[in-house]
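> Pasting a structure below so you can have a look.
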Amino acid sequence: MNIELPYPDKVLSPNSRCHWSKKALAAKKARSNAFYIALRAGLNKSTFSDYEHRLHFWIDIYAKTKNYPDADNMLSSLKSALDGIADALELNDRRFIPHPFVKDETHKGGKVVIRITKGAE
């Protein structure tokens, strides 16, 4: 199961120095977008209802430019989006094991592709 998300807003970066209200608004939007994208991709409460273990999130990050971000900063920037996916699955995101990978190739506007698996494939 693959989900393609938009590149996270720069204010969601842990290195961002913006007003808290701007960051809160961006976080709310990212969470909502990820929730609806996950639902459209067919993810819901029953998707992993037969599986009670941890889920692996293989996160492929395609940067906007060749100024590649750090994987750990990108993971922090995606926190709200992962919460939105957890909302769609009706799961606690504590069950997620993220594997962020910043790809060497770029994509216009940037994008994030998440593949969810039951095992460490």
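Chain lettering (A, B, ...) mirrors the order of the structure tokens, residue numbering begins at 1 for each chain separately, and ligand numbering begins at 1 in order of display.
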Leaving out range 41-53 of chain A and any residue of its chain fewer than 2 positions from it, which residues lie within 9 Å of it when counting only C-alpha atoms, given as number ranges by chain?

A: 1-3, 36-39, 55, 85, 87-91, 95, 118

> Could you name the residues that touch Leu25 in chain A at 12 Å or less, counting only C-alpha atoms, but leaving out those on the same chain fewer than 5 positions away, as a PyMOL selection string?

chain A and resi 9+11-12+18-20+30-32+80

> So that I have them on file, write out the residues from the current selection with all heavy atoms, as a compact mmCIF listing (two decimals), in the first residue's frame.


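The resulting file, again.txt, is reproduced below:
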```
# COMPACT_ATOMS: atom_id res chain seq x y z
N ASP A 9 5.30 21.44 4.64
CA ASP A 9 5.51 22.89 4.71
C ASP A 9 6.80 23.16 5.49
O ASP A 9 7.08 22.51 6.51
CB ASP A 9 4.32 23.54 5.41
CG ASP A 9 4.30 25.04 5.32
OD1 ASP A 9 5.37 25.67 5.47
OD2 ASP A 9 3.21 25.59 5.11
N VAL A 11 7.52 25.41 7.53
CA VAL A 11 7.33 25.83 8.93
C VAL A 11 7.22 24.63 9.87
O VAL A 11 7.34 24.79 11.08
CB VAL A 11 6.12 26.78 9.11
CG1 VAL A 11 6.26 28.01 8.26
CG2 VAL A 11 4.81 26.08 8.84
N LEU A 12 7.02 23.42 9.32
CA LEU A 12 6.94 22.22 10.16
C LEU A 12 8.32 21.66 10.50
O LEU A 12 8.43 20.77 11.33
CB LEU A 12 6.09 21.15 9.47
CG LEU A 12 4.62 21.51 9.29
CD1 LEU A 12 3.90 20.44 8.48
CD2 LEU A 12 3.95 21.70 10.64
N CYS A 18 9.30 30.27 13.32
CA CYS A 18 8.10 31.01 12.97
C CYS A 18 7.19 31.09 14.19
O CYS A 18 7.41 30.42 15.19
CB CYS A 18 7.37 30.33 11.80
SG CYS A 18 6.68 28.73 12.21
N HIS A 19 6.16 31.89 14.08
CA HIS A 19 5.20 32.04 15.17
C HIS A 19 4.47 30.71 15.38
O HIS A 19 4.16 30.00 14.42
CB HIS A 19 4.21 33.16 14.83
CG HIS A 19 3.39 33.59 16.00
ND1 HIS A 19 2.17 33.02 16.28
CD2 HIS A 19 3.62 34.52 16.95
CE1 HIS A 19 1.67 33.58 17.37
NE2 HIS A 19 2.53 34.50 17.79
N TRP A 20 4.20 30.38 16.62
CA TRP A 20 3.57 29.09 16.94
C TRP A 20 2.23 28.91 16.24
O TRP A 20 1.87 27.79 15.87
CB TRP A 20 3.40 28.93 18.46
CG TRP A 20 2.43 29.92 19.06
CD1 TRP A 20 2.72 31.13 19.62
CD2 TRP A 20 1.01 29.78 19.14
NE1 TRP A 20 1.58 31.75 20.04
CE2 TRP A 20 0.50 30.95 19.76
CE3 TRP A 20 0.11 28.81 18.74
CZ2 TRP A 20 -0.85 31.15 19.98
CZ3 TRP A 20 -1.24 29.01 18.97
CH2 TRP A 20 -1.72 30.17 19.58
N ALA A 30 -1.62 19.63 7.45
CA ALA A 30 -0.88 18.43 7.07
C ALA A 30 -1.58 17.17 7.60
O ALA A 30 -1.69 16.16 6.90
CB ALA A 30 0.55 18.49 7.60
N ARG A 31 -2.07 17.25 8.83
CA ARG A 31 -2.76 16.10 9.42
C ARG A 31 -4.05 15.79 8.68
O ARG A 31 -4.34 14.64 8.36
CB ARG A 31 -3.05 16.38 10.90
CG ARG A 31 -3.62 15.20 11.64
CD ARG A 31 -3.75 15.50 13.12
NE ARG A 31 -4.14 14.32 13.85
CZ ARG A 31 -3.84 14.09 15.12
NH1 ARG A 31 -3.13 14.98 15.81
NH2 ARG A 31 -4.24 13.00 15.71
N SER A 32 -4.81 16.82 8.37
CA SER A 32 -6.07 16.66 7.65
C SER A 32 -5.83 16.13 6.24
O SER A 32 -6.52 15.20 5.79
CB SER A 32 -6.80 17.99 7.61
OG SER A 32 -7.98 17.88 6.86
N SER A 80 2.87 15.43 11.84
CA SER A 80 1.44 15.69 11.71
C SER A 80 0.81 14.80 10.64
O SER A 80 -0.31 14.31 10.80
CB SER A 80 1.18 17.15 11.38
OG SER A 80 1.66 17.96 12.42
```

> Once DSSP has gone over the backbone, tell me which residues of chain A are in alpha helix (DSSP H), as a PyMOL selection string.

chain A and resi 20-40+71-77+79-89

> Given the selection you just returned, output its residues as a file containing N, CA, C and O atoms, formatted as a compact mmCIF listing (two decimals), in the first residue's frame.


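Below you can see out33.txt, which holds the result:
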```txt
# COMPACT_ATOMS: atom_id res chain seq x y z
N TRP A 20 4.20 30.38 16.62
CA TRP A 20 3.57 29.09 16.94
C TRP A 20 2.23 28.91 16.24
O TRP A 20 1.87 27.79 15.87
N SER A 21 1.49 30.00 16.03
CA SER A 21 0.17 29.86 15.41
C SER A 21 0.28 29.46 13.94
O SER A 21 -0.54 28.71 13.43
N LYS A 22 1.32 29.96 13.27
CA LYS A 22 1.54 29.59 11.87
C LYS A 22 1.91 28.11 11.77
O LYS A 22 1.44 27.39 10.89
N LYS A 23 2.74 27.65 12.70
CA LYS A 23 3.14 26.24 12.72
C LYS A 23 1.94 25.35 13.06
O LYS A 23 1.75 24.29 12.46
N ALA A 24 1.11 25.78 13.99
CA ALA A 24 -0.07 25.01 14.38
C ALA A 24 -1.04 24.87 13.21
O ALA A 24 -1.62 23.80 12.99
N LEU A 25 -1.22 25.93 12.45
CA LEU A 25 -2.10 25.90 11.29
C LEU A 25 -1.57 24.95 10.22
O LEU A 25 -2.33 24.15 9.65
N ALA A 26 -0.26 24.99 9.97
CA ALA A 26 0.36 24.09 8.99
C ALA A 26 0.26 22.63 9.45
O ALA A 26 0.01 21.73 8.64
N ALA A 27 0.43 22.40 10.75
CA ALA A 27 0.33 21.04 11.29
C ALA A 27 -1.09 20.49 11.14
O ALA A 27 -1.28 19.34 10.76
N LYS A 28 -2.07 21.33 11.41
CA LYS A 28 -3.47 20.92 11.28
C LYS A 28 -3.79 20.58 9.83
O LYS A 28 -4.46 19.57 9.55
N LYS A 29 -3.30 21.39 8.91
CA LYS A 29 -3.54 21.16 7.49
C LYS A 29 -2.86 19.86 7.03
O LYS A 29 -3.45 19.06 6.30
N ALA A 30 -1.62 19.63 7.45
CA ALA A 30 -0.88 18.43 7.07
C ALA A 30 -1.58 17.17 7.60
O ALA A 30 -1.69 16.16 6.90
N ARG A 31 -2.07 17.25 8.83
CA ARG A 31 -2.76 16.10 9.42
C ARG A 31 -4.05 15.79 8.68
O ARG A 31 -4.34 14.64 8.36
N SER A 32 -4.81 16.82 8.37
CA SER A 32 -6.07 16.66 7.65
C SER A 32 -5.83 16.13 6.24
O SER A 32 -6.52 15.20 5.79
N ASN A 33 -4.85 16.70 5.53
CA ASN A 33 -4.54 16.23 4.18
C ASN A 33 -4.15 14.76 4.18
O ASN A 33 -4.63 13.98 3.35
N ALA A 34 -3.27 14.37 5.09
CA ALA A 34 -2.82 12.98 5.16
C ALA A 34 -3.98 12.04 5.49
O ALA A 34 -4.07 10.94 4.95
N PHE A 35 -4.87 12.48 6.37
CA PHE A 35 -6.05 11.68 6.73
C PHE A 35 -6.88 11.38 5.48
O PHE A 35 -7.21 10.22 5.21
N TYR A 36 -7.20 12.42 4.71
CA TYR A 36 -8.05 12.22 3.54
C TYR A 36 -7.33 11.48 2.42
O TYR A 36 -7.95 10.68 1.70
N ILE A 37 -6.04 11.70 2.26
CA ILE A 37 -5.26 10.97 1.26
C ILE A 37 -5.23 9.48 1.61
O ILE A 37 -5.39 8.62 0.75
N ALA A 38 -5.05 9.18 2.89
CA ALA A 38 -5.04 7.78 3.34
C ALA A 38 -6.40 7.12 3.10
O ALA A 38 -6.47 5.98 2.64
N LEU A 39 -7.47 7.82 3.41
CA LEU A 39 -8.80 7.27 3.17
C LEU A 39 -9.04 7.01 1.68
O LEU A 39 -9.57 5.95 1.30
N ARG A 40 -8.63 7.97 0.83
CA ARG A 40 -8.78 7.78 -0.62
C ARG A 40 -7.94 6.62 -1.13
O ARG A 40 -8.28 5.99 -2.13
N ALA A 71 17.30 13.34 6.99
CA ALA A 71 16.20 12.39 7.18
C ALA A 71 15.50 12.61 8.52
O ALA A 71 14.27 12.52 8.60
N ASP A 72 16.26 12.91 9.58
CA ASP A 72 15.64 13.09 10.89
C ASP A 72 14.79 14.36 10.94
O ASP A 72 13.72 14.38 11.56
N ASN A 73 15.21 15.42 10.26
CA ASN A 73 14.40 16.63 10.20
C ASN A 73 13.12 16.39 9.40
O ASN A 73 12.05 16.90 9.74
N MET A 74 13.23 15.62 8.33
CA MET A 74 12.06 15.32 7.52
C MET A 74 11.06 14.48 8.33
O MET A 74 9.86 14.69 8.25
N LEU A 75 11.57 13.55 9.10
CA LEU A 75 10.68 12.73 9.93
C LEU A 75 9.92 13.61 10.92
O LEU A 75 8.72 13.45 11.11
N SER A 76 10.61 14.58 11.51
CA SER A 76 9.95 15.52 12.43
C SER A 76 8.92 16.37 11.69
O SER A 76 7.84 16.63 12.21
N SER A 77 9.25 16.77 10.47
CA SER A 77 8.33 17.59 9.67
C SER A 77 7.08 16.80 9.28
O SER A 77 6.02 17.38 9.04
N LYS A 79 5.55 14.56 11.21
CA LYS A 79 4.83 14.10 12.40
C LYS A 79 3.32 14.28 12.26
O LYS A 79 2.56 13.35 12.53
N SER A 80 2.87 15.43 11.84
CA SER A 80 1.44 15.69 11.71
C SER A 80 0.81 14.80 10.64
O SER A 80 -0.31 14.31 10.80
N ALA A 81 1.54 14.58 9.54
CA ALA A 81 1.03 13.72 8.47
C ALA A 81 0.89 12.28 8.96
O ALA A 81 -0.11 11.61 8.68
N LEU A 82 1.87 11.81 9.71
CA LEU A 82 1.79 10.45 10.25
C LEU A 82 0.63 10.33 11.24
O LEU A 82 -0.04 9.29 11.30
N ASP A 83 0.36 11.39 11.99
CA ASP A 83 -0.79 11.41 12.89
C ASP A 83 -2.09 11.31 12.08
O ASP A 83 -3.04 10.64 12.50
N GLY A 84 -2.14 11.97 10.94
CA GLY A 84 -3.32 11.89 10.08
C GLY A 84 -3.55 10.49 9.55
O GLY A 84 -4.69 10.01 9.48
N ILE A 85 -2.47 9.80 9.19
CA ILE A 85 -2.59 8.41 8.72
C ILE A 85 -3.06 7.52 9.87
O ILE A 85 -3.90 6.65 9.70
N ALA A 86 -2.53 7.76 11.06
CA ALA A 86 -2.96 7.01 12.25
C ALA A 86 -4.45 7.24 12.50
O ALA A 86 -5.17 6.30 12.86
N ASP A 87 -4.92 8.47 12.31
CA ASP A 87 -6.34 8.76 12.47
C ASP A 87 -7.18 7.95 11.48
O ASP A 87 -8.22 7.41 11.84
N ALA A 88 -6.73 7.88 10.22
CA ALA A 88 -7.47 7.12 9.20
C ALA A 88 -7.51 5.64 9.54
O ALA A 88 -8.53 4.98 9.34
N LEU A 89 -6.40 5.12 10.07
CA LEU A 89 -6.34 3.70 10.43
C LEU A 89 -6.97 3.42 11.79
O LEU A 89 -7.16 2.26 12.15
```

> Rounded to one decimal place, report the CA of His99 in chain A-CA of Gly119 in chain A distance in Å.

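According to the coordinates, CA of His99 in chain A and CA of Gly119 in chain A are separated by 12.1 Å.
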
> Between CA of Lys64 in chain A and CA of Ile116 in chain A, what is the spacing in Å?

23.3 Å

> In Å, with one decimal, what is the gap from CA of Trp58 in chain A to CA of Asn15 in chain A?

23.3 Å

> For Pro98 in chain A, please output as a list of chain:residue names all residues within 8 Å (counting only C-alpha atoms; exclusion window: fewer than 3 positions along the same chain).

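These residues fall inside the cut-off: A:His56, A:Phe57, A:Trp58, A:Ile59.
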